[in-house]
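**Student:** Below: one structure in structure tokens.
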Amino acid sequence: METDIAIIGMAGRFPGSPTVEDLWLRVRDGDDCLRDLSADELRASGIDEALIASPDYVRRSGVLDAVECFDAGFFGIGARDASIMDPQHRLFLECTWETLESAGYVPEKFDGSIGVFAGCGANTYLLNNLLSDPKLLHQIGWFLLRHTGNDKDFLTTGVSYRLDLRGPSVNVQTACSTSLVAVHLAVQSLLLLECDMALAGGVTIEVPHGVGYRYLEGEILAPDGRCRAFDAASGGTVLTSGVGVVALRRAADALRDGDPILALVKGSAVNNDGRRKVSYLAPSVDGHADVVREALAVSGVDARSIGLVEAHGTGTALGDPIEFEALTQAFRSQTDDTRFCRITSTKPNIGHLDTAAGVASLIKVIQALQNRWLPPLANHTAANPLLDLATSPFEISGEGRPWHSDGPRRAGVSSLGVGGTNAHVVLEEAPPSPLPSRAPPEQVLTLSARSEAALDRMSGRLADFLAARPDTSLADVAYTLSAGRREMTHRRVVVASDINDAVKLLQIPDRCRSHHALATDSAPEVGFLFPGGGSQYVGMGAGLDERFTEFHRVREEGVLLVERHSGVDLTPLLAVDADPEQLRRPTISLPAILVT
């Protein structure tokens, strides 16, 4: 565990799937999340009428919901700066915040430095929406236009500035493998103790958004808008948009602090093909095989224990057989066993997310490990006849099934970039969660938001979450809401006795057990109030002492201090069967009240 890296949070937005949970539901069932586009939608996006009518134009795309929306005020960004900010930077910033919340942290409460490693695609918003407006360019100037969230150089540093993250902030650009290379660099930074938490991922958003493309024979794009990886009907891929981010910590630190470990990174590797391929744009058997072998060696994991490989899997006639051969060679360096590992790809589900493709695949595999389910290949018809499946370590299927394993479930994730930079990550399922500590049934749930409407929405989402997961520890929820969320001005407090009680109170507040108010801008002053003599009673604080570890610890400390300074032992006098006459003596009652 000393060199393992824990994945403790994740967030993303993908075609047809606005959250990582939605993505898993679609991937689990083998759904194709791309959708057909109407002529009216294409006209609204500014596509030329002649192109829409062309038989070569494919009216199919992966669409992100509300891609034009951005909560600029939440991050303190002005309206003008937000309007000229690349949507890739906007959505990546939102997803980094969501990832931190998924991990249960806010930057100002984290004891350590947080790094950011990520990359983005080409800024088509700048080309199509900003540079086409000479008046805007004249008013703002090229320097500010470029530096206000409109250049790849500023993706991660913009996040570090706005969230006050002080670890390494590195922009990564290796084409399609960008986000998985970012994960590798984040792992290395953590192992080298350069930071104590790292955010890694990528984003690609095409503008105009949600439009089709022109099919040209010989290119990598599919003629029918459907990606079929490793399939007999493979015809190409579909370029789409998306964003994904994961949070990582050293596993020992995550275990110590009780973080929600989603999966473990056992090892990772990055290399380049060099000239070992037929052309610059082509993948390489040797380069890909080498990076997989290196990742396996770094992880110390036996290839025979890998039950799932998430391949790059573009669904192209050239790329898929080359990748399959590379993976086979890498596994054959350790085992001759056949058909023990499922091979799959996320691209048939959501298309090719370019710089965000690798992290999308990683998020999918994390969820496959969590749910112990081997996902199918979407759009599967039959295996590509060029693949020698019978003698390979792999199986291909369009049907999902439970993931049974004699040992820890393990998986590999590959991502290949145009230009030859390859990445591979070896994952293992999270270790068993420790049993929850004994906690009192009553818990205080604290919520805060920037507006009353947002606070109401947050309450509703929490109620829905708890209703869907009745086995959740209410004490853990209360702790995360208190310690892992930023305090904002609109606040709500709910005192609940169990999950069902919490759901009811969040949906329909009870003024006796819930309260909301607007907090002041500055912290209130603290006053120390000491009750006078005569307020003591037999067994005071006994219930608190029995139920709360911290109360018991502090009371024991106080009892020892009183005995050290006065020679009076308060222990029997604070018991539930204490002599009430003894408690009336001022030399006993006053110290007992103070300690309580």
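In the structure tokens, the first chain shown is A, the next is B, and so on; residue numbers restart at 1 for each chain, and ligands run from 1 in the order shown.
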Using only C-alpha atoms, determine which residues lie at most 12 Å from A:Ala368, disregarding the query and same-chain residues fewer than 5 positions distant; provide the list as a ChimeraX atom specification.
**Tutor:** /A:20-21,23-25,27-29,262-263,307-310,342,344,346,361-363,373-376,400-404,409-412,427-430
**Student:** Give me a file of those residues, with N, CA and C atoms, as a short mmCIF file (atom, residue, chain, number, x, y, z; two decimals), in the first residue's frame.
**Tutor:**
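The resulting file, again32.cif, is shown below:
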```cif
data_model
loop_
_atom_site.label_atom_id
_atom_site.label_comp_id
_atom_site.auth_asym_id
_atom_site.auth_seq_id
_atom_site.Cartn_x
_atom_site.Cartn_y
_atom_site.Cartn_z
N VAL A 20 -21.43 11.41 -13.40
CA VAL A 20 -20.73 10.12 -13.52
C VAL A 20 -21.67 8.97 -13.19
N GLU A 21 -22.64 9.20 -12.30
CA GLU A 21 -23.61 8.15 -11.98
C GLU A 21 -24.47 7.83 -13.19
N LEU A 23 -23.61 8.28 -16.29
CA LEU A 23 -22.74 7.61 -17.26
C LEU A 23 -22.70 6.11 -16.99
N TRP A 24 -22.54 5.72 -15.72
CA TRP A 24 -22.46 4.30 -15.42
C TRP A 24 -23.75 3.58 -15.78
N LEU A 25 -24.90 4.18 -15.51
CA LEU A 25 -26.16 3.53 -15.84
C LEU A 25 -26.27 3.25 -17.33
N VAL A 27 -23.56 3.04 -19.50
CA VAL A 27 -22.50 2.11 -19.88
C VAL A 27 -22.84 0.70 -19.42
N ARG A 28 -23.38 0.58 -18.22
CA ARG A 28 -23.74 -0.74 -17.67
C ARG A 28 -24.68 -1.50 -18.59
N ASP A 29 -25.59 -0.76 -19.20
CA ASP A 29 -26.59 -1.39 -20.06
C ASP A 29 -26.20 -1.40 -21.53
N LEU A 262 -12.47 5.07 -3.88
CA LEU A 262 -13.26 4.50 -4.97
C LEU A 262 -12.52 3.37 -5.66
N ALA A 263 -11.21 3.49 -5.77
CA ALA A 263 -10.36 2.47 -6.39
C ALA A 263 -8.91 2.84 -6.09
N GLY A 307 -9.00 -8.59 -14.91
CA GLY A 307 -10.27 -9.10 -15.41
C GLY A 307 -10.94 -8.23 -16.45
N LEU A 308 -10.44 -6.99 -16.62
CA LEU A 308 -11.05 -6.06 -17.56
C LEU A 308 -9.98 -5.13 -18.11
N VAL A 309 -9.97 -4.95 -19.41
CA VAL A 309 -9.12 -3.94 -20.04
C VAL A 309 -10.01 -2.97 -20.80
N GLU A 310 -9.95 -1.72 -20.42
CA GLU A 310 -10.63 -0.64 -21.12
C GLU A 310 -9.67 -0.11 -22.16
N ARG A 342 -12.06 -9.49 -20.07
CA ARG A 342 -13.01 -8.79 -20.93
C ARG A 342 -12.33 -7.53 -21.49
N THR A 344 -13.03 -3.97 -23.58
CA THR A 344 -14.16 -3.09 -23.89
C THR A 344 -13.65 -1.69 -24.21
N THR A 346 -15.21 2.69 -24.10
CA THR A 346 -16.31 3.62 -23.81
C THR A 346 -16.77 4.38 -25.04
N SER A 361 -12.76 6.95 -19.69
CA SER A 361 -12.56 5.51 -19.57
C SER A 361 -12.21 5.12 -18.15
N LEU A 362 -11.37 5.93 -17.51
CA LEU A 362 -10.98 5.65 -16.12
C LEU A 362 -12.19 5.68 -15.19
N ILE A 363 -13.04 6.69 -15.34
CA ILE A 363 -14.24 6.81 -14.51
C ILE A 363 -15.16 5.61 -14.73
N TRP A 373 -19.16 -5.37 -12.01
CA TRP A 373 -19.91 -5.66 -13.23
C TRP A 373 -18.98 -5.45 -14.43
N LEU A 374 -18.97 -6.43 -15.34
CA LEU A 374 -18.20 -6.32 -16.57
C LEU A 374 -19.10 -5.72 -17.65
N PRO A 375 -18.86 -4.47 -18.03
CA PRO A 375 -19.77 -3.79 -18.97
C PRO A 375 -19.61 -4.34 -20.38
N PRO A 376 -20.66 -4.24 -21.18
CA PRO A 376 -20.61 -4.73 -22.56
C PRO A 376 -20.05 -3.69 -23.51
N GLY A 400 -23.42 -7.48 -20.78
CA GLY A 400 -22.77 -7.31 -19.49
C GLY A 400 -23.04 -8.51 -18.59
N ARG A 401 -22.19 -8.69 -17.61
CA ARG A 401 -22.39 -9.79 -16.65
C ARG A 401 -21.68 -9.46 -15.34
N PRO A 402 -22.09 -10.11 -14.24
CA PRO A 402 -21.41 -9.90 -12.95
C PRO A 402 -19.93 -10.23 -13.05
N TRP A 403 -19.14 -9.50 -12.30
CA TRP A 403 -17.69 -9.67 -12.32
C TRP A 403 -17.29 -10.51 -11.11
N HIS A 404 -17.08 -11.78 -11.34
CA HIS A 404 -16.64 -12.69 -10.29
C HIS A 404 -15.12 -12.77 -10.31
N ARG A 409 -10.45 -7.53 -7.59
CA ARG A 409 -10.74 -7.22 -8.99
C ARG A 409 -9.76 -6.18 -9.48
N ARG A 410 -9.22 -6.41 -10.68
CA ARG A 410 -8.23 -5.49 -11.24
C ARG A 410 -8.54 -5.21 -12.70
N ALA A 411 -8.12 -4.04 -13.16
CA ALA A 411 -8.42 -3.63 -14.53
C ALA A 411 -7.28 -2.78 -15.06
N GLY A 412 -7.21 -2.70 -16.38
CA GLY A 412 -6.26 -1.82 -17.04
C GLY A 412 -6.99 -0.83 -17.92
N LEU A 427 -5.57 -0.56 -12.31
CA LEU A 427 -6.44 -0.25 -11.17
C LEU A 427 -6.79 -1.52 -10.40
N GLU A 428 -7.10 -1.32 -9.12
CA GLU A 428 -7.59 -2.40 -8.27
C GLU A 428 -8.78 -1.88 -7.49
N GLU A 429 -9.75 -2.76 -7.20
CA GLU A 429 -10.91 -2.33 -6.45
C GLU A 429 -10.50 -1.82 -5.07
N ALA A 430 -11.31 -0.97 -4.51
CA ALA A 430 -11.01 -0.36 -3.21
C ALA A 430 -10.97 -1.43 -2.13
#
```
**Student:** I want to know what sits within 8 Å of stretch 536-538 of chain A, based on only C-alpha atoms, with residues of the same chain fewer than 4 positions away left out; could you give that as number ranges by chain?
**Tutor:** A: 573-580, 583, 589, 592-593
**Student:** Could you dump the residues just selected with N, CA, C and O atoms as a PDB file, in the first residue's frame?
**Tutor:**
```
ATOM      1  N   LEU A 573     -18.845  11.427  41.896  1.00  0.00           N
ATOM      2  CA  LEU A 573     -19.824  12.493  42.085  1.00  0.00           C
ATOM      3  C   LEU A 573     -20.540  12.867  40.787  1.00  0.00           C
ATOM      4  O   LEU A 573     -21.569  13.543  40.816  1.00  0.00           O
ATOM      5  N   LEU A 574     -19.972  12.436  39.639  1.00  0.00           N
ATOM      6  CA  LEU A 574     -20.624  12.677  38.356  1.00  0.00           C
ATOM      7  C   LEU A 574     -21.392  11.458  37.868  1.00  0.00           C
ATOM      8  O   LEU A 574     -21.967  11.467  36.779  1.00  0.00           O
ATOM      9  N   ALA A 575     -21.395  10.395  38.641  1.00  0.00           N
ATOM     10  CA  ALA A 575     -22.105   9.178  38.272  1.00  0.00           C
ATOM     11  C   ALA A 575     -23.611   9.371  38.424  1.00  0.00           C
ATOM     12  O   ALA A 575     -24.083  10.275  39.137  1.00  0.00           O
ATOM     13  N   VAL A 576     -24.370   8.488  37.773  1.00  0.00           N
ATOM     14  CA  VAL A 576     -25.826   8.611  37.813  1.00  0.00           C
ATOM     15  C   VAL A 576     -26.388   8.259  39.193  1.00  0.00           C
ATOM     16  O   VAL A 576     -27.542   8.609  39.501  1.00  0.00           O
ATOM     17  N   ASP A 577     -25.583   7.585  40.031  1.00  0.00           N
ATOM     18  CA  ASP A 577     -26.049   7.225  41.379  1.00  0.00           C
ATOM     19  C   ASP A 577     -25.289   7.990  42.459  1.00  0.00           C
ATOM     20  O   ASP A 577     -25.127   7.525  43.585  1.00  0.00           O
ATOM     21  N   ALA A 578     -24.829   9.200  42.114  1.00  0.00           N
ATOM     22  CA  ALA A 578     -24.079  10.011  43.083  1.00  0.00           C
ATOM     23  C   ALA A 578     -24.968  10.442  44.245  1.00  0.00           C
ATOM     24  O   ALA A 578     -26.196  10.533  44.133  1.00  0.00           O
ATOM     25  N   ASP A 579     -24.304  10.740  45.376  1.00  0.00           N
ATOM     26  CA  ASP A 579     -25.007  11.224  46.574  1.00  0.00           C
ATOM     27  C   ASP A 579     -25.366  12.696  46.361  1.00  0.00           C
ATOM     28  O   ASP A 579     -24.483  13.553  46.253  1.00  0.00           O
ATOM     29  N   PRO A 580     -26.650  13.031  46.303  1.00  0.00           N
ATOM     30  CA  PRO A 580     -27.033  14.421  46.053  1.00  0.00           C
ATOM     31  C   PRO A 580     -26.554  15.372  47.137  1.00  0.00           C
ATOM     32  O   PRO A 580     -26.316  16.555  46.878  1.00  0.00           O
ATOM     33  N   LEU A 583     -23.113  16.577  46.324  1.00  0.00           N
ATOM     34  CA  LEU A 583     -23.078  17.543  45.227  1.00  0.00           C
ATOM     35  C   LEU A 583     -23.440  18.958  45.668  1.00  0.00           C
ATOM     36  O   LEU A 583     -23.215  19.910  44.926  1.00  0.00           O
ATOM     37  N   SER A 589     -19.523  21.003  43.907  1.00  0.00           N
ATOM     38  CA  SER A 589     -20.512  21.350  42.887  1.00  0.00           C
ATOM     39  C   SER A 589     -19.944  22.295  41.826  1.00  0.00           C
ATOM     40  O   SER A 589     -20.190  22.111  40.631  1.00  0.00           O
ATOM     41  N   ALA A 592     -17.577  20.500  39.475  1.00  0.00           N
ATOM     42  CA  ALA A 592     -18.359  19.553  38.682  1.00  0.00           C
ATOM     43  C   ALA A 592     -19.115  20.262  37.567  1.00  0.00           C
ATOM     44  O   ALA A 592     -19.197  19.779  36.424  1.00  0.00           O
ATOM     45  N   ILE A 593     -19.671  21.449  37.894  1.00  0.00           N
ATOM     46  CA  ILE A 593     -20.381  22.233  36.869  1.00  0.00           C
ATOM     47  C   ILE A 593     -19.406  22.715  35.801  1.00  0.00           C
ATOM     48  O   ILE A 593     -19.682  22.639  34.602  1.00  0.00           O
TER      49      ILE A 593
END
```
**Student:** Mind giving me the straight-line distance from atom CA of A:Ile8 to atom CA of A:Thr96 in Å, one decimal?
**Tutor:**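 For atom CA of A:Ile8 relative to atom CA of A:Thr96, the distance reads 12.9 Å.
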**Student:** Between atom CA of A:Leu193 and atom CA of A:Leu255, what is the distance, to one decimal in Å?
**Tutor:**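 Spanning atom CA of A:Leu193 to atom CA of A:Leu255 is a straight-line distance of 16.9 Å.
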**Student:** Neighbouring residues of stretch 239-242 of chain A were defined as those with any atom within 8 Å, considering only C-alpha atoms; residues of the same chain fewer than 3 positions away were excluded. Please report them as an MDAnalysis selection string.
**Tutor:** chainID A and resid 12:15 61:64 203:206 221 350:354 356
**Student:** Write out, as a compact mmCIF listing (two decimals), in the first residue's frame, the residues just selected, with all heavy atoms.
**Tutor:**
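again.txt, freshly written:
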```txt
# COMPACT_ATOMS: atom_id res chain seq x y z
N GLY A 12 -17.89 14.56 -13.69
CA GLY A 12 -17.78 14.73 -15.13
C GLY A 12 -19.12 14.99 -15.77
O GLY A 12 -20.18 14.84 -15.14
N ARG A 13 -19.07 15.37 -17.03
CA ARG A 13 -20.27 15.57 -17.84
C ARG A 13 -19.98 14.96 -19.21
O ARG A 13 -18.97 15.29 -19.84
CB ARG A 13 -20.62 17.04 -17.95
CG ARG A 13 -20.87 17.67 -16.58
CD ARG A 13 -21.20 19.13 -16.66
NE ARG A 13 -21.09 19.73 -15.33
CZ ARG A 13 -21.26 21.02 -15.09
NH1 ARG A 13 -21.56 21.84 -16.07
NH2 ARG A 13 -21.13 21.49 -13.85
N PHE A 14 -20.89 14.11 -19.64
CA PHE A 14 -20.65 13.33 -20.84
C PHE A 14 -21.91 13.35 -21.71
O PHE A 14 -23.00 13.65 -21.23
CB PHE A 14 -20.30 11.89 -20.45
CG PHE A 14 -19.21 11.80 -19.43
CD1 PHE A 14 -19.51 11.64 -18.08
CD2 PHE A 14 -17.88 11.91 -19.80
CE1 PHE A 14 -18.51 11.58 -17.12
CE2 PHE A 14 -16.87 11.85 -18.84
CZ PHE A 14 -17.18 11.69 -17.50
N PRO A 15 -21.78 13.02 -22.99
CA PRO A 15 -22.96 13.00 -23.86
C PRO A 15 -24.07 12.12 -23.30
O PRO A 15 -23.86 10.95 -22.98
CB PRO A 15 -22.42 12.42 -25.17
CG PRO A 15 -20.97 12.82 -25.17
CD PRO A 15 -20.54 12.73 -23.73
N SER A 61 -24.62 13.18 -33.15
CA SER A 61 -23.58 13.78 -32.31
C SER A 61 -23.82 13.44 -30.84
O SER A 61 -24.90 13.00 -30.45
CB SER A 61 -23.59 15.31 -32.47
OG SER A 61 -22.60 15.92 -31.68
N GLY A 62 -22.78 13.63 -30.06
CA GLY A 62 -22.89 13.56 -28.61
C GLY A 62 -23.12 14.95 -28.06
O GLY A 62 -22.33 15.87 -28.34
N VAL A 63 -24.19 15.13 -27.30
CA VAL A 63 -24.59 16.47 -26.86
C VAL A 63 -24.50 16.56 -25.34
O VAL A 63 -25.00 15.69 -24.62
CB VAL A 63 -26.03 16.78 -27.31
CG1 VAL A 63 -26.45 18.17 -26.85
CG2 VAL A 63 -26.15 16.65 -28.83
N LEU A 64 -23.85 17.62 -24.86
CA LEU A 64 -23.80 17.90 -23.43
C LEU A 64 -24.97 18.81 -23.06
O LEU A 64 -25.23 19.80 -23.74
CB LEU A 64 -22.49 18.58 -23.05
CG LEU A 64 -21.18 17.82 -23.26
CD1 LEU A 64 -20.02 18.67 -22.79
CD2 LEU A 64 -21.21 16.50 -22.53
N VAL A 203 -10.74 18.00 -20.79
CA VAL A 203 -12.01 18.51 -21.31
C VAL A 203 -11.86 18.82 -22.79
O VAL A 203 -10.84 19.35 -23.23
CB VAL A 203 -12.47 19.77 -20.54
CG1 VAL A 203 -11.41 20.85 -20.54
CG2 VAL A 203 -13.78 20.30 -21.10
N THR A 204 -12.88 18.46 -23.56
CA THR A 204 -13.00 18.87 -24.95
C THR A 204 -14.45 19.25 -25.19
O THR A 204 -15.36 18.46 -24.91
CB THR A 204 -12.60 17.75 -25.92
OG1 THR A 204 -11.18 17.55 -25.85
CG2 THR A 204 -12.97 18.11 -27.36
N ILE A 205 -14.68 20.45 -25.68
CA ILE A 205 -16.03 20.90 -26.03
C ILE A 205 -15.98 21.58 -27.39
O ILE A 205 -15.26 22.58 -27.57
CB ILE A 205 -16.61 21.85 -24.97
CG1 ILE A 205 -16.75 21.12 -23.63
CG2 ILE A 205 -17.96 22.40 -25.42
CD1 ILE A 205 -17.23 21.98 -22.51
N GLU A 206 -16.71 21.03 -28.32
CA GLU A 206 -16.77 21.57 -29.67
C GLU A 206 -17.82 22.67 -29.77
O GLU A 206 -18.93 22.53 -29.25
CB GLU A 206 -17.09 20.46 -30.67
CG GLU A 206 -16.00 19.40 -30.81
CD GLU A 206 -14.78 19.91 -31.55
OE1 GLU A 206 -14.91 20.92 -32.28
OE2 GLU A 206 -13.69 19.32 -31.39
N LEU A 221 -13.68 8.92 -39.16
CA LEU A 221 -15.06 9.12 -38.73
C LEU A 221 -15.99 8.06 -39.32
O LEU A 221 -15.84 7.65 -40.48
CB LEU A 221 -15.54 10.51 -39.12
CG LEU A 221 -14.75 11.67 -38.48
CD1 LEU A 221 -15.28 13.00 -38.96
CD2 LEU A 221 -14.82 11.58 -36.96
N ILE A 350 -20.22 6.86 -25.82
CA ILE A 350 -20.27 8.32 -25.75
C ILE A 350 -19.44 9.00 -26.83
O ILE A 350 -19.33 10.23 -26.85
CB ILE A 350 -19.80 8.83 -24.36
CG1 ILE A 350 -18.37 8.36 -24.05
CG2 ILE A 350 -20.77 8.39 -23.28
CD1 ILE A 350 -17.81 8.92 -22.75
N GLY A 351 -18.86 8.23 -27.75
CA GLY A 351 -18.02 8.82 -28.77
C GLY A 351 -16.61 9.06 -28.25
O GLY A 351 -16.26 8.73 -27.12
N HIS A 352 -15.79 9.66 -29.12
CA HIS A 352 -14.39 9.92 -28.80
C HIS A 352 -14.26 11.33 -28.24
O HIS A 352 -14.43 12.32 -28.95
CB HIS A 352 -13.55 9.76 -30.06
CG HIS A 352 -12.08 9.81 -29.82
ND1 HIS A 352 -11.52 10.01 -28.58
CD2 HIS A 352 -11.03 9.70 -30.68
CE1 HIS A 352 -10.20 10.02 -28.69
NE2 HIS A 352 -9.88 9.82 -29.95
N LEU A 353 -13.96 11.43 -26.95
CA LEU A 353 -13.91 12.72 -26.26
C LEU A 353 -12.56 13.43 -26.40
O LEU A 353 -12.27 14.38 -25.67
CB LEU A 353 -14.22 12.54 -24.76
CG LEU A 353 -15.69 12.65 -24.35
CD1 LEU A 353 -16.56 11.68 -25.13
CD2 LEU A 353 -15.85 12.39 -22.86
N ASP A 354 -11.71 12.96 -27.31
CA ASP A 354 -10.43 13.60 -27.58
C ASP A 354 -9.61 13.71 -26.29
O ASP A 354 -9.31 12.70 -25.68
CB ASP A 354 -10.66 14.97 -28.23
CG ASP A 354 -9.38 15.61 -28.76
OD1 ASP A 354 -8.53 14.87 -29.28
OD2 ASP A 354 -9.22 16.83 -28.63
N ALA A 356 -10.38 14.35 -23.34
CA ALA A 356 -11.06 13.84 -22.15
C ALA A 356 -11.35 12.34 -22.24
O ALA A 356 -11.96 11.77 -21.34
CB ALA A 356 -12.37 14.59 -21.91
```
**Student:** Find the residues near A:Asp320: any atom within 10 Å, counting only C-alpha atoms, skip ones fewer than 3 places away on the same chain, and give them as a list in words.
**Tutor:** Arg228, Ala229, Phe230, Asp231, Ser234, Gly236, Pro283, Ala311, His312, Gly313, Thr314, Gly315, Thr316, Ala317, Glu323, Phe324, Glu325, Ala326, Asn384, Leu386 and Leu387 of chain A
**Student:** Can those selected residues be exported to a file as a CSV table (one decimal), in the first residue's frame so that it contains N, CA, C and O atoms?
**Tutor:**
```
chain,number,residue,atom,x,y,z
A,228,ARG,N,-18.2,1.3,-33.4
A,228,ARG,CA,-18.3,-0.1,-33.1
A,228,ARG,C,-16.8,-0.6,-32.9
A,228,ARG,O,-16.2,-1.1,-33.8
A,229,ALA,N,-16.4,-0.6,-31.6
A,229,ALA,CA,-15.0,-1.0,-31.3
A,229,ALA,C,-14.8,-2.5,-31.4
A,229,ALA,O,-15.7,-3.2,-30.9
A,230,PHE,N,-13.7,-2.9,-32.0
A,230,PHE,CA,-13.4,-4.4,-32.2
A,230,PHE,C,-14.5,-5.2,-32.8
A,230,PHE,O,-14.7,-6.3,-32.5
A,231,ASP,N,-15.2,-4.5,-33.7
A,231,ASP,CA,-16.4,-5.2,-34.2
A,231,ASP,C,-16.3,-5.4,-35.7
A,231,ASP,O,-15.5,-4.8,-36.4
A,234,SER,N,-17.0,-2.5,-37.8
A,234,SER,CA,-16.3,-1.2,-37.5
A,234,SER,C,-16.2,-0.3,-38.7
A,234,SER,O,-15.7,-0.8,-39.8
A,236,GLY,N,-15.4,3.3,-38.0
A,236,GLY,CA,-14.8,4.6,-37.6
A,236,GLY,C,-15.4,5.1,-36.2
A,236,GLY,O,-16.2,4.4,-35.6
A,283,PRO,N,-1.3,4.1,-34.9
A,283,PRO,CA,-0.8,3.5,-33.6
A,283,PRO,C,0.3,2.5,-33.9
A,283,PRO,O,0.6,2.2,-35.0
A,311,ALA,N,-9.9,-0.5,-23.4
A,311,ALA,CA,-9.0,-0.1,-24.5
A,311,ALA,C,-9.3,1.2,-25.1
A,311,ALA,O,-10.4,1.8,-24.8
A,312,HIS,N,-8.4,1.8,-25.8
A,312,HIS,CA,-8.6,3.0,-26.5
A,312,HIS,C,-9.8,2.9,-27.5
A,312,HIS,O,-10.7,3.7,-27.5
A,313,GLY,N,-9.8,1.8,-28.3
A,313,GLY,CA,-11.0,1.3,-29.0
A,313,GLY,C,-11.7,2.3,-29.8
A,313,GLY,O,-12.9,2.6,-29.6
A,314,THR,N,-11.1,2.9,-30.9
A,314,THR,CA,-11.7,3.9,-31.7
A,314,THR,C,-12.7,3.3,-32.7
A,314,THR,O,-13.5,4.0,-33.3
A,315,GLY,N,-12.7,2.0,-32.9
A,315,GLY,CA,-13.6,1.4,-33.9
A,315,GLY,C,-13.2,1.6,-35.3
A,315,GLY,O,-14.0,1.6,-36.2
A,316,THR,N,-11.9,1.8,-35.5
A,316,THR,CA,-11.4,2.0,-36.9
A,316,THR,C,-10.8,0.7,-37.4
A,316,THR,O,-10.3,-0.1,-36.6
A,317,ALA,N,-10.8,0.5,-38.7
A,317,ALA,CA,-10.3,-0.7,-39.3
A,317,ALA,C,-8.8,-0.9,-39.1
A,317,ALA,O,-8.3,-2.0,-39.0
A,323,GLU,N,-4.2,-2.3,-31.9
A,323,GLU,CA,-4.3,-2.3,-30.4
A,323,GLU,C,-4.5,-3.6,-29.8
A,323,GLU,O,-3.9,-4.0,-28.8
A,324,PHE,N,-5.4,-4.5,-30.4
A,324,PHE,CA,-5.6,-5.8,-29.9
A,324,PHE,C,-4.3,-6.6,-29.9
A,324,PHE,O,-4.0,-7.3,-28.9
A,325,GLU,N,-3.5,-6.5,-30.9
A,325,GLU,CA,-2.3,-7.2,-31.0
A,325,GLU,C,-1.3,-6.7,-29.9
A,325,GLU,O,-0.6,-7.5,-29.3
A,326,ALA,N,-1.3,-5.4,-29.7
A,326,ALA,CA,-0.4,-4.9,-28.7
A,326,ALA,C,-0.7,-5.4,-27.3
A,326,ALA,O,0.1,-5.8,-26.5
A,384,ASN,N,-14.6,-8.5,-34.7
A,384,ASN,CA,-13.8,-8.3,-35.9
A,384,ASN,C,-13.0,-9.5,-36.3
A,384,ASN,O,-12.3,-10.1,-35.5
A,386,LEU,N,-10.4,-10.0,-37.9
A,386,LEU,CA,-9.0,-9.8,-37.9
A,386,LEU,C,-8.4,-10.0,-36.5
A,386,LEU,O,-7.2,-10.1,-36.4
A,387,LEU,N,-9.2,-10.2,-35.5
A,387,LEU,CA,-8.8,-10.4,-34.1
A,387,LEU,C,-8.7,-11.9,-33.9
A,387,LEU,O,-9.7,-12.6,-34.0
```
**Student:** I'd like to know which of A:Gly533, A:Arg553, A:Arg339, A:Phe110 is closest to A:Ile588, using only C-alpha atoms.
**Tutor:**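 Closest residue, counting only C-alpha atoms: A:Gly533.
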**Student:** So which residues touch A:Thr335 within 9 Å, counting only C-alpha atoms, skipping near sequence neighbours fewer than 4 positions away, as an NGL selection string?
**Tutor:** :A and (302-304 or 331 or 393)
**Student:** How many Å separate atom CA of A:Val246 from atom CA of A:Gln173?
**Tutor:** 17.4 Å
